[in-house]
file query03.pdb (PDB, C-alpha atoms and all ligand atoms)
ATOM      1  CA  MET A 234      14.048 -10.442   1.881
ATOM      2  CA  GLU A 235      17.279  -8.424   1.762
ATOM      3  CA  PHE A 236      16.726  -4.712   2.404
ATOM      4  CA  SER A 237      18.016  -3.798  -1.074
ATOM      5  CA  GLU A 238      15.336  -6.077  -2.554
ATOM      6  CA  LEU A 239      12.588  -5.076  -0.097
ATOM      7  CA  VAL A 240      12.917  -1.356  -0.734
ATOM      8  CA  TYR A 241      12.210  -1.819  -4.459
ATOM      9  CA  ALA A 242       9.581  -4.537  -3.940
ATOM     10  CA  ARG A 243       7.406  -2.137  -1.934
ATOM     11  CA  ARG A 244       4.795  -0.753  -4.297
ATOM     12  CA  THR A 245       1.515   1.013  -3.681
ATOM     13  CA  VAL A 246      -1.383  -1.435  -3.796
ATOM     14  CA  ARG A 247      -4.929  -0.107  -4.128
ATOM     15  CA  ARG A 248      -6.940  -3.304  -4.556
ATOM     16  CA  PHE A 249      -7.129  -5.896  -1.845
ATOM     17  CA  THR A 250      -8.717  -9.292  -1.400
ATOM     18  CA  PRO A 251     -11.160  -9.631   1.547
ATOM     19  CA  GLU A 252      -8.760 -12.051   3.323
ATOM     20  CA  PRO A 253      -7.994 -10.780   6.830
ATOM     21  CA  ILE A 254      -4.451 -10.081   8.000
ATOM     22  CA  ARG A 255      -2.899 -12.419  10.548
ATOM     23  CA  GLN A 256      -2.528 -10.776  13.964
ATOM     24  CA  ALA A 257       1.171 -11.774  14.009
ATOM     25  CA  SER A 258       1.752  -9.936  10.691
ATOM     26  CA  LEU A 259      -0.173  -6.901  11.903
ATOM     27  CA  GLU A 260       1.882  -6.703  15.086
ATOM     28  CA  LYS A 261       5.135  -7.054  13.119
ATOM     29  CA  ILE A 262       4.040  -4.118  10.942
ATOM     30  CA  LEU A 263       3.034  -1.970  13.924
ATOM     31  CA  LYS A 264       6.292  -2.738  15.755
ATOM     32  CA  ALA A 265       8.319  -1.823  12.675
ATOM     33  CA  GLY A 266       6.468   1.510  12.544
ATOM     34  CA  LEU A 267       7.165   2.237  16.188
ATOM     35  CA  ALA A 268      10.878   1.502  15.646
ATOM     36  CA  ALA A 269      11.136   4.665  13.514
ATOM     37  CA  PRO A 270      13.352   7.540  14.645
ATOM     38  CA  SER A 271      11.664  10.537  16.267
ATOM     39  CA  PRO A 272      12.898  13.943  17.428
ATOM     40  CA  ASN A 273      14.718  13.556  20.745
ATOM     41  CA  ASN A 274      13.231  10.032  20.848
ATOM     42  CA  SER A 275       9.913  11.667  21.808
ATOM     43  CA  THR A 276       7.811   9.026  19.953
ATOM     44  CA  PRO A 277       5.147  11.685  19.233
ATOM     45  CA  TRP A 278       2.660   9.349  17.605
ATOM     46  CA  SER A 279      -0.034   6.741  17.965
ATOM     47  CA  ILE A 280      -1.696   4.318  15.572
ATOM     48  CA  SER A 281      -5.366   3.352  15.546
ATOM     49  CA  VAL A 282      -6.113   0.003  13.933
ATOM     50  CA  VAL A 283      -9.467  -0.047  12.150
ATOM     51  CA  THR A 284     -10.875  -3.382  10.977
ATOM     52  CA  ASN A 285     -14.576  -2.753  11.601
ATOM     53  CA  GLY A 286     -16.194  -2.561   8.157
ATOM     54  CA  GLU A 287     -18.921  -0.213   9.385
ATOM     55  CA  VAL A 288     -16.381   2.260  10.741
ATOM     56  CA  ILE A 289     -14.345   2.052   7.521
ATOM     57  CA  GLN A 290     -17.465   2.813   5.439
ATOM     58  CA  LYS A 291     -18.300   5.707   7.768
ATOM     59  CA  MET A 292     -14.819   7.057   7.082
ATOM     60  CA  ARG A 293     -15.310   6.666   3.330
ATOM     61  CA  HIS A 294     -18.613   8.576   3.497
ATOM     62  CA  ALA A 295     -16.972  11.338   5.531
ATOM     63  CA  VAL A 296     -14.265  11.795   2.882
ATOM     64  CA  ASN A 297     -16.705  11.740  -0.048
ATOM     65  CA  ASP A 298     -19.116  14.128   1.715
ATOM     66  CA  ARG A 299     -16.302  16.552   2.517
ATOM     67  CA  LEU A 300     -15.094  16.510  -1.100
ATOM     68  CA  ASP A 301     -18.670  17.087  -2.344
ATOM     69  CA  LEU A 302     -18.997  20.018   0.027
ATOM     70  CA  MET A 303     -15.671  21.515  -1.060
ATOM     71  CA  PHE A 304     -16.501  21.295  -4.765
ATOM     72  CA  SER A 305     -20.272  21.672  -4.978
ATOM     73  CA  GLY A 306     -20.466  24.097  -7.901
ATOM     74  CA  ILE A 307     -18.256  22.366 -10.462
ATOM     75  CA  ASN A 308     -18.856  21.602 -14.162
ATOM     76  CA  SER A 309     -19.018  18.121 -15.694
ATOM     77  CA  GLU A 310     -15.322  18.112 -16.711
ATOM     78  CA  GLN A 311     -14.299  19.021 -13.185
ATOM     79  CA  LYS A 312     -16.740  16.406 -11.883
ATOM     80  CA  ALA A 313     -14.693  13.722 -13.663
ATOM     81  CA  ILE A 314     -11.582  14.974 -11.821
ATOM     82  CA  LEU A 315     -13.461  15.004  -8.529
ATOM     83  CA  ASP A 316     -14.544  11.409  -9.108
ATOM     84  CA  LYS A 317     -10.881  10.414  -9.540
ATOM     85  CA  VAL A 318      -9.898  12.347  -6.428
ATOM     86  CA  LYS A 319     -12.597  10.482  -4.525
ATOM     87  CA  VAL A 320     -11.286   7.116  -5.717
ATOM     88  CA  PHE A 321      -7.705   7.912  -4.681
ATOM     89  CA  SER A 322      -8.821   9.429  -1.368
ATOM     90  CA  THR A 323     -10.917   6.425  -0.348
ATOM     91  CA  VAL A 324      -8.626   3.552  -1.359
ATOM     92  CA  PHE A 325      -8.745   2.463   2.280
ATOM     93  CA  ALA A 326     -12.415   1.488   1.954
ATOM     94  CA  ASN A 327     -11.641  -1.869   0.314
ATOM     95  CA  ALA A 328      -8.814  -2.839   2.681
ATOM     96  CA  PRO A 329      -9.290  -5.259   5.595
ATOM     97  CA  VAL A 330      -7.095  -3.095   7.834
ATOM     98  CA  VAL A 331      -6.831   0.685   7.958
ATOM     99  CA  LEU A 332      -4.126   2.218  10.113
ATOM    100  CA  ALA A 333      -4.780   5.786  11.206
ATOM    101  CA  VAL A 334      -1.529   7.487  12.143
ATOM    102  CA  PHE A 335      -1.698  10.320  14.664
ATOM    103  CA  SER A 336       0.887  12.780  15.921
ATOM    104  CA  ARG A 337       0.900  14.867  19.068
ATOM    105  CA  PRO A 338       2.668  18.219  19.339
ATOM    106  CA  TYR A 339       6.364  17.688  19.986
ATOM    107  CA  GLN A 340       7.760  19.441  23.066
ATOM    108  CA  ALA A 341      11.329  20.227  21.988
ATOM    109  CA  PRO A 342      13.970  21.430  24.473
ATOM    110  CA  ILE A 343      14.012  24.727  22.530
ATOM    111  CA  HIS A 344      10.409  25.320  23.690
ATOM    112  CA  GLU A 345      11.705  25.891  27.231
ATOM    113  CA  LEU A 346      13.603  28.925  25.909
ATOM    114  CA  LEU A 347      10.489  30.557  24.453
ATOM    115  CA  ALA A 348       8.823  31.725  27.695
ATOM    116  CA  ASP A 349      10.405  35.195  27.647
ATOM    117  CA  THR A 350      10.166  35.678  23.905
ATOM    118  CA  ASP A 351       7.323  36.458  21.532
ATOM    119  CA  ILE A 352       8.089  33.311  19.547
ATOM    120  CA  SER A 353       5.345  30.694  19.732
ATOM    121  CA  PRO A 354       5.886  26.906  19.796
ATOM    122  CA  GLU A 355       3.934  26.804  16.506
ATOM    123  CA  GLN A 356       6.426  29.190  14.871
ATOM    124  CA  VAL A 357       9.338  27.042  16.012
ATOM    125  CA  GLY A 358       7.559  23.927  14.734
ATOM    126  CA  ASP A 359       7.095  25.660  11.399
ATOM    127  CA  LEU A 360      10.772  26.719  11.255
ATOM    128  CA  ARG A 361      11.819  23.146  12.031
ATOM    129  CA  ARG A 362       9.396  21.871   9.384
ATOM    130  CA  HIS A 363       7.127  20.019  11.795
ATOM    131  CA  PRO A 364       9.352  17.324  13.354
ATOM    132  CA  GLU A 365       6.394  15.280  14.642
ATOM    133  CA  LEU A 366       4.933  15.105  11.150
ATOM    134  CA  GLN A 367       8.317  14.082   9.744
ATOM    135  CA  ALA A 368       8.500  11.334  12.375
ATOM    136  CA  THR A 369       5.123   9.920  11.339
ATOM    137  CA  GLY A 370       6.455   9.737   7.768
ATOM    138  CA  ALA A 371       9.341   7.570   8.981
ATOM    139  CA  LEU A 372       6.863   5.435  10.947
ATOM    140  CA  VAL A 373       4.653   4.945   7.907
ATOM    141  CA  GLN A 374       7.540   3.985   5.629
ATOM    142  CA  ASN A 375       8.732   1.386   8.164
ATOM    143  CA  MET A 376       5.213  -0.083   8.227
ATOM    144  CA  LEU A 377       5.004  -0.208   4.426
ATOM    145  CA  LEU A 378       8.325  -2.042   4.227
ATOM    146  CA  ALA A 379       7.281  -4.468   6.974
ATOM    147  CA  ALA A 380       3.977  -5.117   5.160
ATOM    148  CA  THR A 381       5.915  -5.883   1.972
ATOM    149  CA  GLU A 382       8.134  -8.298   3.869
ATOM    150  CA  GLU A 383       4.973 -10.000   5.165
ATOM    151  CA  GLY A 384       3.818 -10.433   1.548
ATOM    152  CA  LEU A 385       1.068  -7.811   1.992
ATOM    153  CA  GLY A 386       0.091  -4.792  -0.075
ATOM    154  CA  SER A 387      -0.236  -1.293   1.304
ATOM    155  CA  CYS A 388      -1.240   2.228   0.347
ATOM    156  CA  TRP A 389      -0.305   5.495   2.033
ATOM    157  CA  ILE A 390      -3.384   7.746   1.761
ATOM    158  CA  SER A 391      -3.115  11.443   2.474
ATOM    159  CA  GLY A 392      -6.046  12.290   0.185
ATOM    160  CA  ALA A 393      -8.506  11.278   2.904
ATOM    161  CA  LEU A 394      -7.175  13.999   5.168
ATOM    162  CA  VAL A 395      -9.428  16.617   3.535
ATOM    163  CA  ALA A 396     -11.896  15.208   6.068
ATOM    164  CA  ARG A 397      -9.396  15.261   8.935
ATOM    165  CA  ARG A 398     -11.811  16.727  11.480
ATOM    166  CA  GLU A 399     -14.571  14.282  10.605
ATOM    167  CA  LEU A 400     -12.166  11.313  10.639
ATOM    168  CA  GLU A 401     -10.757  12.411  13.996
ATOM    169  CA  ALA A 402     -14.309  12.513  15.373
ATOM    170  CA  ILE A 403     -15.095   9.027  14.024
ATOM    171  CA  LEU A 404     -11.838   7.627  15.418
ATOM    172  CA  GLY A 405     -12.189   9.375  18.775
ATOM    173  CA  ALA A 406      -8.872  11.245  18.635
ATOM    174  CA  LYS A 407      -7.890  12.915  21.906
ATOM    175  CA  ASP A 408      -5.138  15.587  21.865
ATOM    176  CA  MET A 409      -3.731  13.970  18.740
ATOM    177  CA  HIS A 410      -3.714  15.078  15.101
ATOM    178  CA  LEU A 411      -4.580  12.598  12.404
ATOM    179  CA  GLU A 412      -1.688  12.770   9.920
ATOM    180  CA  THR A 413      -2.432  10.023   7.439
ATOM    181  CA  LEU A 414      -4.125   6.711   6.740
ATOM    182  CA  VAL A 415      -2.473   3.495   5.611
ATOM    183  CA  ALA A 416      -4.439   0.698   3.978
ATOM    184  CA  ILE A 417      -3.077  -2.820   4.354
ATOM    185  CA  GLY A 418      -4.267  -6.110   2.957
ATOM    186  CA  HIS A 419      -3.550  -9.029   0.689
ATOM    187  CA  ARG A 420      -2.939  -7.655  -2.790
ATOM    188  CA  ASP A 421      -5.029  -8.961  -5.656
ATOM    189  CA  ALA A 422      -2.032  -8.904  -8.040
ATOM    190  CA  GLN A 423       1.733  -8.898  -7.640
ATOM    191  CA  PRO A 424       3.119  -5.443  -8.534
ATOM    192  CA  HIS A 425       6.405  -5.007 -10.436
ATOM    193  CA  PRO A 426       9.367  -3.978  -8.316
ATOM    194  CA  LYS A 427      10.340  -0.338  -8.599
ATOM    195  CA  GLU A 428      13.168   0.813 -10.874
ATOM    196  CA  PRO A 429      15.799   2.925  -9.107
ATOM    197  CA  LEU A 430      15.625   6.600 -10.075
ATOM    198  CA  ASP A 431      18.538   8.319 -11.770
ATOM    199  CA  LEU A 432      20.807   9.821  -9.088
ATOM    200  CA  GLU A 433      21.812  12.647 -11.420
ATOM    201  CA  LEU A 434      18.242  13.938 -11.561
ATOM    202  CA  TYR A 435      17.649  14.089  -7.809
ATOM    203  CA  VAL A 436      20.970  14.332  -6.000
ATOM    204  CA  ASN A 437      23.250  17.348  -5.769
ATOM    205  CA  TYR A 438      26.668  17.114  -4.202
ATOM    206  CA  ILE A 439      27.428  20.514  -2.673
ATOM    207  CA  PRO A 440      31.091  21.386  -3.219
TER     208      PRO A 440
HETATM  209  C1  LIG B   1       2.640  11.189   1.424
HETATM  210  C2  LIG B   1       1.954  10.296   0.444
HETATM  211  C3  LIG B   1       0.608  10.432   0.225
HETATM  212  C4  LIG B   1      -0.066   9.577  -0.659
HETATM  213  N1  LIG B   1      -1.420   9.702  -0.778
HETATM  214  C5  LIG B   1      -2.077   8.840  -1.605
HETATM  215  C6  LIG B   1      -3.500   8.909  -1.698
HETATM  216  O1  LIG B   1      -4.149   9.737  -1.077
HETATM  217  N2  LIG B   1      -4.125   8.016  -2.473
HETATM  218  C7  LIG B   1      -3.435   7.062  -3.202
HETATM  219  O2  LIG B   1      -4.070   6.274  -3.900
HETATM  220  N3  LIG B   1      -2.081   6.984  -3.137
HETATM  221  C8  LIG B   1      -1.391   7.841  -2.347
HETATM  222  N4  LIG B   1      -0.026   7.740  -2.229
HETATM  223  C9  LIG B   1       0.689   6.706  -2.998
HETATM  224  C10 LIG B   1       1.446   7.324  -4.181
HETATM  225  O3  LIG B   1       0.550   7.673  -5.199
HETATM  226  C11 LIG B   1       2.507   6.323  -4.655
HETATM  227  O4  LIG B   1       3.452   6.147  -3.624
HETATM  228  C12 LIG B   1       3.224   6.790  -5.897
HETATM  229  O5  LIG B   1       2.361   6.807  -7.001
HETATM  230  C13 LIG B   1       4.460   5.936  -6.222
HETATM  231  O6  LIG B   1       4.108   4.587  -6.384
HETATM  232  P1  LIG B   1       4.777   3.432  -5.481
HETATM  233  O7  LIG B   1       4.324   3.647  -4.079
HETATM  234  O8  LIG B   1       4.273   2.150  -6.036
HETATM  235  O9  LIG B   1       6.256   3.579  -5.569
HETATM  236  C14 LIG B   1       0.658   8.583  -1.365
HETATM  237  C15 LIG B   1       2.033   8.446  -1.141
HETATM  238  C16 LIG B   1       2.673   9.285  -0.243
HETATM  239  C17 LIG B   1       4.142   9.084   0.024
END
call {"tool": "encode", "arguments": {"input": "query03.pdb", "output": "structure tokens"}}
result
Amino acid sequence: MEFSELVYARRTVRRFTPEPIRQASLEKILKAGLAAPSPNNSTPWSISVVTNGEVIQKMRHAVNDRLDLMFSGINSEQKAILDKVKVFSTVFANAPVVLAVFSRPYQAPIHELLADTDISPEQVGDLRRHPELQATGALVQNMLLAATEEGLGSCWISGALVARRELEAILGAKDMHLETLVAIGHRDAQPHPKEPLDLELYVNYIP
């Protein structure tokens, strides 16, 4: 598929068939992710591939339990919203493959200048709008496009991250921060390609 076609063909898919993903397709997707740019080429990321149904259900429970804990005293109207939030936060639970994308703190050259200052690495990271997190976004988008090219559906799921600590414990994260989940599988229906957005609404040319 030409890039100009691929970029519009990629749509979020939330329902998957149980058919497993071919290892060759999975590796193509992972390699595309790892080809993303990163600050100073630091590649501050890792990807955990989860295909074990028991682990995936454990993750789903962790997200639902966390949401229940966060919103225990709500009324019935709010409960309906919470139910929707749960659905969108646990889309991964019906996918054959869940990719957990981690970042590790990025050691920028500027950090070497901080020793004699009262500026912390965290403050610099904040000023620079979290380069390692930005890099994982590029990685995820590459994977979504590669999945589309492989004829697969995918969903980027940040909703699950309300249970970040619990998910990190389940996945055995070491010195890494879970940034997002990506569900991948065979889609149960072919989505419509995306319409390009109106440039005038989103783009400003600065004179
Ligand atoms: C950073 C990010 C987080 C997202 N989190 C979720 C999520 O938690 N659950 C979900 O169902 N979709 C999630 N999505 C998918 C969006 O809802 C989807 O991209 C959007 O509705 C546009 O549809 P499209 O992907 O088909 O263009 C997320 C997308 C992005 C980029």
call {"tool": "atom_distance", "arguments": {"input": "query03.pdb", "atom1": "CA of Ser258 (chain A)", "atom2": "CA of Glu382 (chain A)"}}
result
9.5 Å
call {"tool": "residues_near_point", "arguments": {"input": "query03.pdb", "point": "(-8.5, -5.2, 8.3)", "cutoff": "6 Å", "atoms": "all atoms listed in the file", "output": "ChimeraX atom specification"}}
result
/A:253,284,329-330
call {"tool": "residues_near_ligand", "arguments": {"input": "query03.pdb", "ligand": "ligand LIG 1 (chain B)", "cutoff": "10 Å", "atoms": "only C-alpha atoms and all ligand atoms", "output": "JSON, numbers by chain"}}
result
{"A": [240, 241, 242, 243, 244, 245, 246, 247, 317, 318, 319, 320, 321, 322, 323, 324, 325, 370, 373, 374, 377, 387, 388, 389, 390, 391, 392, 393, 394, 395, 412, 413, 414, 415, 416, 424, 425, 426, 427, 428]}
call {"tool": "residues_around", "arguments": {"input": "query03.pdb", "residues": "Leu263 (chain A)", "least_positions_apart": "2", "cutoff": "12 Å", "atoms": "all atoms listed in the file", "output": "PyMOL selection string"}}
result
chain A and resi 256-261+265-269+278-282+330-334+372-380+415+417
call {"tool": "write_last_selection", "arguments": {"input": "query03.pdb", "atoms": "C-alpha atoms", "output": "PDB file, in the frame of the given file"}}
result
ATOM      1  CA  GLN A 256      -2.528 -10.776  13.964  1.00  0.00           C
ATOM      2  CA  ALA A 257       1.171 -11.774  14.009  1.00  0.00           C
ATOM      3  CA  SER A 258       1.752  -9.936  10.691  1.00  0.00           C
ATOM      4  CA  LEU A 259      -0.173  -6.901  11.903  1.00  0.00           C
ATOM      5  CA  GLU A 260       1.882  -6.703  15.086  1.00  0.00           C
ATOM      6  CA  LYS A 261       5.135  -7.054  13.119  1.00  0.00           C
ATOM      7  CA  ALA A 265       8.319  -1.823  12.675  1.00  0.00           C
ATOM      8  CA  GLY A 266       6.468   1.510  12.544  1.00  0.00           C
ATOM      9  CA  LEU A 267       7.165   2.237  16.188  1.00  0.00           C
ATOM     10  CA  ALA A 268      10.878   1.502  15.646  1.00  0.00           C
ATOM     11  CA  ALA A 269      11.136   4.665  13.514  1.00  0.00           C
ATOM     12  CA  TRP A 278       2.660   9.349  17.605  1.00  0.00           C
ATOM     13  CA  SER A 279      -0.034   6.741  17.965  1.00  0.00           C
ATOM     14  CA  ILE A 280      -1.696   4.318  15.572  1.00  0.00           C
ATOM     15  CA  SER A 281      -5.366   3.352  15.546  1.00  0.00           C
ATOM     16  CA  VAL A 282      -6.113   0.003  13.933  1.00  0.00           C
ATOM     17  CA  VAL A 330      -7.095  -3.095   7.834  1.00  0.00           C
ATOM     18  CA  VAL A 331      -6.831   0.685   7.958  1.00  0.00           C
ATOM     19  CA  LEU A 332      -4.126   2.218  10.113  1.00  0.00           C
ATOM     20  CA  ALA A 333      -4.780   5.786  11.206  1.00  0.00           C
ATOM     21  CA  VAL A 334      -1.529   7.487  12.143  1.00  0.00           C
ATOM     22  CA  LEU A 372       6.863   5.435  10.947  1.00  0.00           C
ATOM     23  CA  VAL A 373       4.653   4.945   7.907  1.00  0.00           C
ATOM     24  CA  GLN A 374       7.540   3.985   5.629  1.00  0.00           C
ATOM     25  CA  ASN A 375       8.732   1.386   8.164  1.00  0.00           C
ATOM     26  CA  MET A 376       5.213  -0.083   8.227  1.00  0.00           C
ATOM     27  CA  LEU A 377       5.004  -0.208   4.426  1.00  0.00           C
ATOM     28  CA  LEU A 378       8.325  -2.042   4.227  1.00  0.00           C
ATOM     29  CA  ALA A 379       7.281  -4.468   6.974  1.00  0.00           C
ATOM     30  CA  ALA A 380       3.977  -5.117   5.160  1.00  0.00           C
ATOM     31  CA  VAL A 415      -2.473   3.495   5.611  1.00  0.00           C
ATOM     32  CA  ILE A 417      -3.077  -2.820   4.354  1.00  0.00           C
TER      33      ILE A 417
END
call {"tool": "resolve_selection", "arguments": {"input": "query03.pdb", "expression": "the PyMOL selection byres (((chain A and resi 402-405) around 8) and not hetatm)", "output": "MDAnalysis selection string"}}
result
chainID A and resid 281 288 291:292 398:401 406:407
call {"tool": "atom_distance", "arguments": {"input": "query03.pdb", "atom1": "CA of Leu315 (chain A)", "atom2": "CA of Arg397 (chain A)"}}
result
17.9 Å
call {"tool": "closest_residue", "arguments": {"input": "query03.pdb", "among": "A:Ile352, A:Pro364, A:Gly358, A:Glu287", "to": "Pro270 (chain A)", "atoms": "all atoms listed in the file"}}
result
A:Pro364
call {"tool": "atom_distance", "arguments": {"input": "query03.pdb", "atom1": "CA of Ala368 (chain A)", "atom2": "CA of Pro354 (chain A)"}}
result
17.4 Å
call {"tool": "resolve_selection", "arguments": {"input": "query03.pdb", "expression": "the PyMOL selection byres (((chain A and resi 249) around 6) and not hetatm)", "output": "ChimeraX atom specification"}}
result
/A:248,250,328,418-421
call {"tool": "closest_residue", "arguments": {"input": "query03.pdb", "among": "A:Pro429, A:Pro272, A:Pro440, A:Gly306", "to": "His363 (chain A)", "atoms": "all atoms listed in the file"}}
result
A:Pro272
call {"tool": "residues_around", "arguments": {"input": "query03.pdb", "residues": "Gln340 (chain A)", "least_positions_apart": "2", "cutoff": "10 Å", "atoms": "only C-alpha atoms", "output": "PyMOL selection string"}}
result
chain A and resi 272-273+275+277+337-338+342-345+354+358+365
call {"tool": "residues_near_point", "arguments": {"input": "query03.pdb", "point": "(10.9, -12.0, 1.1)", "cutoff": "8 Å", "atoms": "only C-alpha atoms", "output": "PyMOL selection string"}}
result
chain A and resi 234-235+239+381-384
call {"tool": "axis_aligned_box", "arguments": {"input": "query03.pdb", "around": "region 324-330 of chain A", "padding_each_side": "3 Å", "output": "lines of an AutoDock Vina configuration file"}}
result
center_x = -9.8
center_y = -0.9
center_z = 3.2
size_x = 11.3
size_y = 14.8
size_z = 15.2
call {"tool": "closest_residue", "arguments": {"input": "query03.pdb", "among": "A:Ala341, A:Ala348, A:Leu385, A:Leu411", "to": "Ser271 (chain A)", "atoms": "all atoms listed in the file"}}
result
A:Ala341
call {"tool": "build_atoms", "arguments": {"input": "query03.pdb", "residues": "region 286-297 of chain A", "atoms": "N, CA and C atoms", "output": "compact mmCIF listing (two decimals), in the coordinates of the input"}}
result
# COMPACT_ATOMS: atom_id res chain seq x y z
N GLY A 286 -15.72 -3.01 9.47
CA GLY A 286 -16.19 -2.56 8.16
C GLY A 286 -17.13 -1.37 8.23
N GLU A 287 -17.97 -1.33 9.26
CA GLU A 287 -18.92 -0.21 9.38
C GLU A 287 -18.19 1.10 9.61
N VAL A 288 -17.16 1.05 10.46
CA VAL A 288 -16.38 2.26 10.74
C VAL A 288 -15.64 2.70 9.47
N ILE A 289 -15.09 1.72 8.75
CA ILE A 289 -14.34 2.05 7.52
C ILE A 289 -15.29 2.71 6.51
N GLN A 290 -16.52 2.20 6.39
CA GLN A 290 -17.46 2.81 5.44
C GLN A 290 -17.89 4.20 5.90
N LYS A 291 -17.99 4.39 7.21
CA LYS A 291 -18.30 5.71 7.77
C LYS A 291 -17.20 6.70 7.38
N MET A 292 -15.97 6.21 7.45
CA MET A 292 -14.82 7.06 7.08
C MET A 292 -14.88 7.41 5.59
N ARG A 293 -15.22 6.42 4.78
CA ARG A 293 -15.31 6.67 3.33
C ARG A 293 -16.38 7.73 3.04
N HIS A 294 -17.54 7.59 3.70
CA HIS A 294 -18.61 8.58 3.50
C HIS A 294 -18.15 9.97 3.91
N ALA A 295 -17.43 10.03 5.03
CA ALA A 295 -16.97 11.34 5.53
C ALA A 295 -16.07 12.01 4.50
N VAL A 296 -15.20 11.22 3.87
CA VAL A 296 -14.26 11.80 2.88
C VAL A 296 -15.05 12.25 1.64
N ASN A 297 -15.94 11.38 1.15
CA ASN A 297 -16.70 11.74 -0.05
C ASN A 297 -17.60 12.96 0.21
